[in-house]
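Source file: run-v2.cif; contents: mmCIF, C-alpha atoms.
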```
data_structure
#
loop_
_atom_site.label_atom_id
_atom_site.label_comp_id
_atom_site.auth_asym_id
_atom_site.auth_seq_id
_atom_site.Cartn_x
_atom_site.Cartn_y
_atom_site.Cartn_z
CA MET Y 1 88.10 101.00 59.50
CA SER Y 2 89.40 97.65 60.81
CA SER Y 3 91.27 97.25 64.11
CA TYR Y 4 94.41 96.66 62.07
CA GLY Y 5 93.97 100.00 60.35
CA ILE Y 6 93.15 101.86 63.54
CA LEU Y 7 96.29 100.56 65.21
CA THR Y 8 98.43 102.22 62.56
CA SER Y 9 96.92 105.67 63.06
CA PHE Y 10 95.53 106.08 66.58
CA PHE Y 11 97.44 107.92 69.30
CA GLY Y 12 100.83 107.39 67.63
CA LEU Y 13 103.39 106.99 70.39
CA LYS Y 14 100.82 105.62 72.84
CA ILE Y 15 100.08 102.68 70.56
CA HIS Y 16 103.76 102.22 69.81
CA SER Y 17 104.51 101.97 73.53
CA TYR Y 18 101.61 99.58 74.08
CA LEU Y 19 102.62 97.25 71.26
CA LEU Y 20 106.24 97.12 72.38
CA LYS Y 21 105.15 96.08 75.87
CA ILE Y 22 102.62 93.49 74.76
CA ILE Y 23 105.01 91.97 72.22
CA ASN Y 24 107.62 91.65 74.96
CA ILE Y 25 105.15 89.70 77.10
CA ALA Y 26 104.04 87.55 74.19
CA VAL Y 27 107.55 86.74 73.01
CA SER Y 28 108.65 85.81 76.52
CA ALA Y 29 105.93 83.17 76.54
CA VAL Y 30 107.63 81.22 73.75
CA ILE Y 31 111.23 81.44 74.96
CA LYS Y 32 112.23 77.89 75.77
CA SER Y 33 115.72 78.31 77.20
CA ARG Y 34 117.79 80.67 79.30
CA LYS Y 35 119.76 81.57 76.18
CA LYS Y 36 116.77 83.70 75.24
CA THR Y 37 116.44 82.20 71.79
CA ILE Y 38 113.15 81.49 70.05
CA ARG Y 39 112.54 78.58 67.72
CA ILE Y 40 110.44 79.25 64.63
CA GLN Y 41 108.16 76.32 65.45
CA ASP Y 42 107.49 77.83 68.89
CA ILE Y 43 106.38 81.11 67.33
CA LEU Y 44 104.13 79.33 64.85
CA ALA Y 45 102.57 77.28 67.64
CA CYS Y 46 101.98 80.23 69.96
CA SER Y 47 98.52 81.79 70.13
CA PHE Y 48 99.78 85.39 70.12
CA LEU Y 49 100.68 85.12 66.43
CA ASP Y 50 97.09 84.07 65.70
CA ASP Y 51 95.87 87.09 67.67
CA LEU Y 52 98.02 89.45 65.64
CA LEU Y 53 97.04 87.99 62.28
CA GLU Y 54 93.39 87.89 63.32
CA LEU Y 55 93.25 91.69 63.20
CA ARG Y 56 93.49 91.63 59.41
CA ASP Y 57 89.87 90.46 59.38
CA GLU Y 58 87.73 93.58 58.91
CA GLU Y 59 84.63 91.61 59.97
CA LEU Y 60 86.10 90.59 63.32
CA SER Y 61 83.42 90.74 66.02
CA GLN Y 62 83.67 93.23 68.87
CA GLU Y 63 83.85 90.38 71.36
CA LEU Y 64 86.91 88.92 69.65
CA GLN Y 65 88.50 92.36 69.37
CA ASP Y 66 88.04 92.96 73.09
CA SER Y 67 89.82 89.70 73.93
CA ASN Y 68 92.69 90.27 71.48
CA TRP Y 69 95.97 91.48 73.00
CA PHE Y 70 96.82 93.54 69.93
CA SER Y 71 93.43 95.08 69.19
CA ALA Y 72 92.48 98.74 69.13
CA SER Y 73 89.92 97.94 71.82
CA SER Y 74 92.69 96.91 74.21
CA VAL Y 75 94.69 100.03 73.40
CA LEU Y 76 91.68 102.29 73.93
CA ARG Y 77 90.65 100.60 77.15
CA ILE Y 78 94.07 100.82 78.80
CA TYR Y 79 94.80 104.37 77.68
CA GLY Y 80 91.29 105.45 78.64
CA ASN Y 81 91.77 104.00 82.12
CA TYR Y 82 95.04 105.92 82.41
CA LEU Y 83 93.29 109.18 81.58
CA ASN Y 84 90.52 108.44 84.08
CA LEU Y 85 93.03 107.76 86.85
CA ASP Y 86 94.86 111.02 86.13
CA ARG Y 87 92.54 113.17 88.24
CA ASP Y 88 94.70 116.30 88.18
CA HIS Y 89 95.26 115.98 84.41
CA ASN Y 90 99.02 116.46 84.58
CA GLY Y 91 99.74 113.43 82.39
CA MET Y 92 101.23 111.46 85.29
CA LEU Y 93 99.92 109.22 88.05
CA SER Y 94 100.57 109.79 91.74
CA ARG Y 95 100.43 106.93 94.22
CA GLN Y 96 97.00 108.11 95.35
CA GLU Y 97 95.74 108.08 91.76
CA LEU Y 98 97.12 104.61 91.02
CA GLN Y 99 95.45 103.37 94.21
CA LYS Y 100 92.14 103.71 92.33
CA TYR Y 101 93.22 101.21 89.67
CA GLY Y 102 90.81 98.34 89.13
CA THR Y 103 88.76 97.69 92.24
CA GLY Y 104 90.95 99.99 94.32
CA SER Y 105 92.20 97.05 96.37
CA LEU Y 106 95.94 97.08 95.68
CA SER Y 107 97.79 96.99 98.99
CA PRO Y 108 99.59 100.15 100.17
CA VAL Y 109 102.83 98.21 100.61
CA PHE Y 110 102.74 96.97 97.02
CA LEU Y 111 101.98 100.45 95.70
CA GLU Y 112 104.95 101.74 97.66
CA ARG Y 113 107.17 99.16 95.98
CA ILE Y 114 106.01 100.25 92.52
CA TYR Y 115 107.08 103.81 93.21
CA GLU Y 116 110.36 102.66 94.74
CA GLU Y 117 111.41 100.42 91.85
CA CYS Y 118 109.80 101.89 88.73
CA LEU Y 119 110.94 104.95 86.84
CA THR Y 120 109.13 108.02 88.15
CA TYR Y 121 109.18 111.73 87.47
CA GLU Y 122 109.00 113.78 90.65
CA GLY Y 123 107.44 110.77 92.32
CA GLU Y 124 104.80 110.06 89.66
CA LEU Y 125 104.43 107.38 86.97
CA ASP Y 126 104.28 108.20 83.28
CA TYR Y 127 102.27 106.23 80.73
CA LYS Y 128 105.10 103.81 79.87
CA SER Y 129 105.62 102.82 83.50
CA TYR Y 130 101.86 102.49 83.88
CA LEU Y 131 101.83 100.16 80.88
CA ASP Y 132 104.54 98.02 82.46
CA PHE Y 133 102.36 97.60 85.52
CA VAL Y 134 98.98 97.12 83.83
CA LEU Y 135 100.12 94.59 81.25
CA ALA Y 136 102.00 92.63 83.90
CA TYR Y 137 98.90 92.73 86.11
CA GLU Y 138 96.49 91.65 83.39
CA TYR Y 139 98.74 88.85 82.11
CA ARG Y 140 100.08 87.69 85.47
CA GLN Y 141 100.80 84.12 84.36
CA GLU Y 142 103.20 85.16 81.59
CA PRO Y 143 106.95 84.81 82.33
CA ALA Y 144 107.68 88.50 81.65
CA SER Y 145 104.89 89.50 84.04
CA ILE Y 146 106.11 87.18 86.79
CA GLN Y 147 109.59 88.62 86.35
CA TYR Y 148 108.17 92.14 86.75
CA PHE Y 149 106.39 91.26 89.99
CA PHE Y 150 109.26 89.19 91.34
CA LYS Y 151 111.48 92.26 91.20
CA LEU Y 152 108.95 94.15 93.31
CA LEU Y 153 108.48 91.31 95.78
CA ASP Y 154 112.22 90.75 96.18
CA ILE Y 155 112.70 93.68 98.55
CA GLU Y 156 116.28 92.90 99.53
CA LYS Y 157 117.32 91.94 95.98
CA LYS Y 158 118.41 88.47 97.07
CA SER Y 159 117.09 86.79 93.90
CA TYR Y 160 114.78 84.67 96.03
CA LEU Y 161 111.79 85.09 98.34
CA THR Y 162 111.52 83.77 101.87
CA GLN Y 163 108.69 83.64 104.38
CA TRP Y 164 109.85 87.05 105.57
CA ASP Y 165 109.19 88.57 102.13
CA LEU Y 166 105.80 86.92 101.84
CA ASN Y 167 104.83 88.09 105.32
CA TYR Y 168 105.96 91.64 104.55
CA PHE Y 169 103.40 91.90 101.76
CA PHE Y 170 100.65 89.83 103.33
CA ARG Y 171 100.66 91.93 106.51
CA SER Y 172 99.35 94.77 104.37
CA ILE Y 173 96.51 92.54 103.13
CA GLN Y 174 95.71 91.63 106.74
CA THR Y 175 95.61 95.31 107.70
CA MET Y 176 93.20 96.05 104.87
CA MET Y 177 90.98 93.21 106.09
CA ARG Y 178 90.94 94.63 109.61
CA ASP Y 179 90.05 98.06 108.25
CA LEU Y 180 87.02 96.45 106.61
CA LYS Y 181 86.08 94.71 109.89
CA GLN Y 182 87.03 91.32 108.46
CA GLU Y 183 88.87 88.62 110.36
CA PRO Y 184 92.42 88.45 108.93
CA VAL Y 185 93.54 85.13 107.50
CA ASN Y 186 96.47 83.55 109.32
CA PHE Y 187 99.74 84.16 107.48
CA GLY Y 188 101.09 80.72 108.33
CA ASP Y 189 98.26 79.10 106.38
CA VAL Y 190 98.85 81.38 103.39
CA SER Y 191 102.60 80.80 103.46
CA ASP Y 192 102.16 77.02 103.55
CA GLU Y 193 99.75 77.21 100.62
CA ILE Y 194 102.13 79.34 98.57
CA PHE Y 195 105.08 77.01 99.14
CA ASP Y 196 102.86 74.03 98.30
CA MET Y 197 101.83 75.70 95.04
CA VAL Y 198 105.33 76.72 94.00
CA ARG Y 199 107.21 73.61 95.19
CA PRO Y 200 110.58 75.42 95.14
CA ALA Y 201 113.81 73.51 94.64
CA ASP Y 202 114.96 74.89 98.00
CA PRO Y 203 112.11 74.40 100.51
CA TYR Y 204 112.95 77.70 102.20
CA LYS Y 205 113.50 79.91 99.15
CA ILE Y 206 111.37 80.76 96.11
CA THR Y 207 113.31 81.85 93.04
CA LEU Y 208 112.05 83.47 89.86
CA ARG Y 209 112.60 80.18 88.05
CA ASP Y 210 110.46 78.41 90.67
CA MET Y 211 107.68 80.97 90.18
CA ILE Y 212 107.69 80.55 86.41
CA ASP Y 213 108.08 76.78 86.28
CA CYS Y 214 105.34 75.98 88.81
CA GLY Y 215 102.63 77.51 86.63
CA GLN Y 216 101.12 79.23 89.68
CA GLY Y 217 103.26 82.37 89.79
CA GLY Y 218 100.36 84.62 88.83
CA THR Y 219 98.25 83.17 91.63
CA VAL Y 220 100.99 83.84 94.17
CA VAL Y 221 101.17 87.44 92.98
CA ARG Y 222 97.44 88.07 93.28
CA ILE Y 223 97.39 86.64 96.81
CA LEU Y 224 100.13 89.00 97.99
CA ILE Y 225 99.31 92.34 96.37
CA ASP Y 226 95.54 92.76 95.97
CA LEU Y 227 92.90 92.30 98.68
CA ASN Y 228 90.05 91.69 96.25
CA GLU Y 229 92.08 89.12 94.32
CA PHE Y 230 93.03 87.40 97.57
CA TRP Y 231 89.39 87.32 98.64
CA MET Y 232 88.40 85.77 95.31
CA TYR Y 233 91.13 83.16 95.66
CA GLU Y 234 90.20 82.40 99.26
CA ASN Y 235 86.53 81.98 98.30
CA ARG Y 236 87.11 80.35 94.91
CA GLU Y 237 85.16 77.19 95.73
CA SER Y 238 82.03 79.00 96.90
CA LEU Y 239 82.22 81.41 93.95
CA LEU Y 240 82.48 78.47 91.56
CA ALA Y 241 79.49 76.82 93.19
CA GLU Y 242 77.45 80.02 92.76
CA GLN Y 243 78.34 80.14 89.07
CA GLU Y 244 77.27 76.54 88.59
CA ASP Y 245 73.93 77.27 90.26
#
```

What does this structure look like when you write it as structure tokens?
Amino acid sequence: MSSYGILTSFFGLKIHSYLLKIINIAVSAVIKSRKKTIRIQDILACSFLDDLLELRDEELSQELQDSNWFSASSVLRIYGNYLNLDRDHNGMLSRQELQKYGTGSLSPVFLERIYEECLTYEGELDYKSYLDFVLAYEYRQEPASIQYFFKLLDIEKKSYLTQWDLNYFFRSIQTMMRDLKQEPVNFGDVSDEIFDMVRPADPYKITLRDMIDCGQGGTVVRILIDLNEFWMYENRESLLAEQED
């Protein structure tokens, strides 16, 4: 059976939830104005439509299926990861279980913010809330994803981020580095780099619009919430040199 056929029959509500989330991310990528309207030519020019139509091909290679947002492979991978994280098999994820996501390097402060802001049931995440997080994390450069993370980073709900907000999250990264016997990176250097990347309209405040328009919003997120992602960013030049060798 093709991926297109599998998507119509596998896991029912789980697939329905997944597709709603991924379509929301994809559609947000083609919205060109704050009126939240979409031009037909924008949809036709956007790659996500090609991805969706691609699944009609029953001979589609596994490699292409794995890289397709809408494929059964993506659904299976994400739902399978959810089941693996659910160590007590209660159908929900505690903070300790979500800590094991990916490389297990999400900062404790960021995890705390997820459970403060997202819908939980007796302090645990259900599959839909997990999807919100995972799809935002995997597609960090998309506007809908940046909006998701901005809400978590904006602790005081000011609609902008300051050096205080950035420091609040990066302190947790520094603590994780110390725990691993690594020399923490100076926050001032990181803050300067973030503001240089974003180039906000107000030099002291970073808004959601700034994060989206600069094209580096996903990079800012990875620096602030995930130690492994920060390490990869910090060592990007040496890692690139190793790949070239």

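Interatomic distance, CA of Glu63 in chain Y to CA of Ser145 in chain Y: 24.6 Å.
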
Problem set entry | Point-to-point distance in Å for CA of Ser74 in chain Y and CA of His89 in chain Y | 21.8 Å

For this session: Tell me which residues the PyMOL selection byres ((chain Y and resi 175-182) around 9) grabs here, as a ChimeraX atom specification.
Result: /Y:105,107-108,170-174,183-185,227

I'd like to see the residues matched by the PyMOL selection byres ((chain Y and resi 106) around 12) on this file, and ideally I'd get them as a compact mmCIF listing (two decimals) with C-alpha atoms, in the frame of the given file.
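Output contents, as saved in selection.txt:
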```txt
# COMPACT_ATOMS: atom_id res chain seq x y z
CA ARG Y 95 100.43 106.93 94.22
CA GLN Y 96 97.00 108.11 95.35
CA GLU Y 97 95.74 108.08 91.76
CA LEU Y 98 97.12 104.61 91.02
CA GLN Y 99 95.45 103.37 94.21
CA LYS Y 100 92.14 103.71 92.33
CA TYR Y 101 93.22 101.21 89.67
CA GLY Y 102 90.81 98.34 89.13
CA THR Y 103 88.76 97.69 92.24
CA GLY Y 104 90.95 99.99 94.32
CA SER Y 105 92.20 97.05 96.37
CA SER Y 107 97.79 96.99 98.99
CA PRO Y 108 99.59 100.15 100.17
CA VAL Y 109 102.83 98.21 100.61
CA PHE Y 110 102.74 96.97 97.02
CA LEU Y 111 101.98 100.45 95.70
CA GLU Y 112 104.95 101.74 97.66
CA ARG Y 113 107.17 99.16 95.98
CA ILE Y 114 106.01 100.25 92.52
CA TYR Y 137 98.90 92.73 86.11
CA PHE Y 169 103.40 91.90 101.76
CA PHE Y 170 100.65 89.83 103.33
CA SER Y 172 99.35 94.77 104.37
CA ILE Y 173 96.51 92.54 103.13
CA MET Y 176 93.20 96.05 104.87
CA VAL Y 221 101.17 87.44 92.98
CA ARG Y 222 97.44 88.07 93.28
CA ILE Y 223 97.39 86.64 96.81
CA LEU Y 224 100.13 89.00 97.99
CA ILE Y 225 99.31 92.34 96.37
CA ASP Y 226 95.54 92.76 95.97
CA LEU Y 227 92.90 92.30 98.68
CA ASN Y 228 90.05 91.69 96.25
CA GLU Y 229 92.08 89.12 94.32
CA PHE Y 230 93.03 87.40 97.57
```

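Pairwise distance (CA of Ile78 in chain Y, CA of Tyr121 in chain Y) equals 20.6 Å.
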
For this session: With a distance cut-off of 6 Å and all atoms listed in the file, select the neighbouring residues of Lys205 in chain Y, excluding the residue or stretch itself and same-chain residues fewer than 3 positions from it, and output the selection as a ChimeraX atom specification.
Result: /Y:160-162,202

Exercise. When the PyMOL selection byres ((chain Y and resi 208) around 7) is applied to the file above, which residues end up in the set, as a list in words?
Worked result: Gln147, Phe150, Tyr160, Ile206, Thr207, Arg209, Asp210, Met211 and Ile212 of chain Y

So that I can check the surroundings of Val190 in chain Y, please list as a PDB file with C-alpha atoms, keeping the file's coordinate frame every protein, DNA and RNA residue that reaches within 10 Å of it, counting only C-alpha atoms and ignoring chain neighbours fewer than 3 positions away.
```pdb
ATOM      1  CA  LEU Y 166     105.800  86.920 101.840  1.00  0.00           C
ATOM      2  CA  ASN Y 167     104.830  88.090 105.320  1.00  0.00           C
ATOM      3  CA  PHE Y 170     100.650  89.830 103.330  1.00  0.00           C
ATOM      4  CA  VAL Y 185      93.540  85.130 107.500  1.00  0.00           C
ATOM      5  CA  ASN Y 186      96.470  83.550 109.320  1.00  0.00           C
ATOM      6  CA  PHE Y 187      99.740  84.160 107.480  1.00  0.00           C
ATOM      7  CA  GLU Y 193      99.750  77.210 100.620  1.00  0.00           C
ATOM      8  CA  ILE Y 194     102.130  79.340  98.570  1.00  0.00           C
ATOM      9  CA  PHE Y 195     105.080  77.010  99.140  1.00  0.00           C
ATOM     10  CA  ASP Y 196     102.860  74.030  98.300  1.00  0.00           C
ATOM     11  CA  VAL Y 220     100.990  83.840  94.170  1.00  0.00           C
ATOM     12  CA  ILE Y 223      97.390  86.640  96.810  1.00  0.00           C
ATOM     13  CA  LEU Y 224     100.130  89.000  97.990  1.00  0.00           C
ATOM     14  CA  GLU Y 234      90.200  82.400  99.260  1.00  0.00           C
TER      15      GLU Y 234
END
```

Your completed range 156-180 of chain Y with N, CA and C atoms, as a CSV table (one decimal), in the coordinates of the input:
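To be explicit, this is the file written out as result38.csv:
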```csv
chain,number,residue,atom,x,y,z
Y,156,GLU,N,114.9,92.8,99.2
Y,156,GLU,CA,116.3,92.9,99.5
Y,156,GLU,C,117.2,92.5,98.4
Y,157,LYS,N,116.6,92.3,97.2
Y,157,LYS,CA,117.3,91.9,96.0
Y,157,LYS,C,118.2,90.7,96.2
Y,158,LYS,N,117.7,89.7,96.8
Y,158,LYS,CA,118.4,88.5,97.1
Y,158,LYS,C,118.3,87.5,95.9
Y,159,SER,N,117.4,87.7,95.0
Y,159,SER,CA,117.1,86.8,93.9
Y,159,SER,C,116.3,85.6,94.4
Y,160,TYR,N,115.7,85.7,95.6
Y,160,TYR,CA,114.8,84.7,96.0
Y,160,TYR,C,113.9,85.3,97.1
Y,161,LEU,N,112.7,84.6,97.3
Y,161,LEU,CA,111.8,85.1,98.3
Y,161,LEU,C,111.8,84.1,99.5
Y,162,THR,N,111.6,84.6,100.7
Y,162,THR,CA,111.5,83.8,101.9
Y,162,THR,C,110.2,84.1,102.5
Y,163,GLN,N,109.9,83.4,103.6
Y,163,GLN,CA,108.7,83.6,104.4
Y,163,GLN,C,108.6,85.1,104.9
Y,164,TRP,N,109.8,85.7,105.1
Y,164,TRP,CA,109.8,87.0,105.6
Y,164,TRP,C,109.3,88.0,104.5
Y,165,ASP,N,109.7,87.7,103.2
Y,165,ASP,CA,109.2,88.6,102.1
Y,165,ASP,C,107.7,88.4,102.0
Y,166,LEU,N,107.2,87.2,102.0
Y,166,LEU,CA,105.8,86.9,101.8
Y,166,LEU,C,105.0,87.6,103.0
Y,167,ASN,N,105.5,87.5,104.2
Y,167,ASN,CA,104.8,88.1,105.3
Y,167,ASN,C,104.8,89.6,105.2
Y,168,TYR,N,105.9,90.2,104.7
Y,168,TYR,CA,106.0,91.6,104.6
Y,168,TYR,C,104.8,92.2,103.7
Y,169,PHE,N,104.5,91.5,102.6
Y,169,PHE,CA,103.4,91.9,101.8
Y,169,PHE,C,102.0,91.5,102.3
Y,170,PHE,N,102.0,90.3,102.9
Y,170,PHE,CA,100.6,89.8,103.3
Y,170,PHE,C,100.2,90.6,104.6
Y,171,ARG,N,101.1,91.1,105.4
Y,171,ARG,CA,100.7,91.9,106.5
Y,171,ARG,C,99.8,93.1,106.1
Y,172,SER,N,100.1,93.7,104.9
Y,172,SER,CA,99.4,94.8,104.4
Y,172,SER,C,97.9,94.3,104.0
Y,173,ILE,N,97.8,93.1,103.4
Y,173,ILE,CA,96.5,92.5,103.1
Y,173,ILE,C,95.7,92.3,104.4
Y,174,GLN,N,96.4,91.8,105.5
Y,174,GLN,CA,95.7,91.6,106.7
Y,174,GLN,C,95.2,93.0,107.3
Y,175,THR,N,96.0,94.0,107.2
Y,175,THR,CA,95.6,95.3,107.7
Y,175,THR,C,94.4,95.8,107.0
Y,176,MET,N,94.4,95.6,105.7
Y,176,MET,CA,93.2,96.0,104.9
Y,176,MET,C,92.0,95.3,105.3
Y,177,MET,N,92.1,94.0,105.6
Y,177,MET,CA,91.0,93.2,106.1
Y,177,MET,C,90.5,93.7,107.4
Y,178,ARG,N,91.4,94.1,108.3
Y,178,ARG,CA,90.9,94.6,109.6
Y,178,ARG,C,90.2,96.0,109.4
Y,179,ASP,N,90.7,96.8,108.5
Y,179,ASP,CA,90.0,98.1,108.2
Y,179,ASP,C,88.6,97.9,107.8
Y,180,LEU,N,88.4,96.7,107.1
Y,180,LEU,CA,87.0,96.4,106.6
Y,180,LEU,C,86.2,95.6,107.6
```
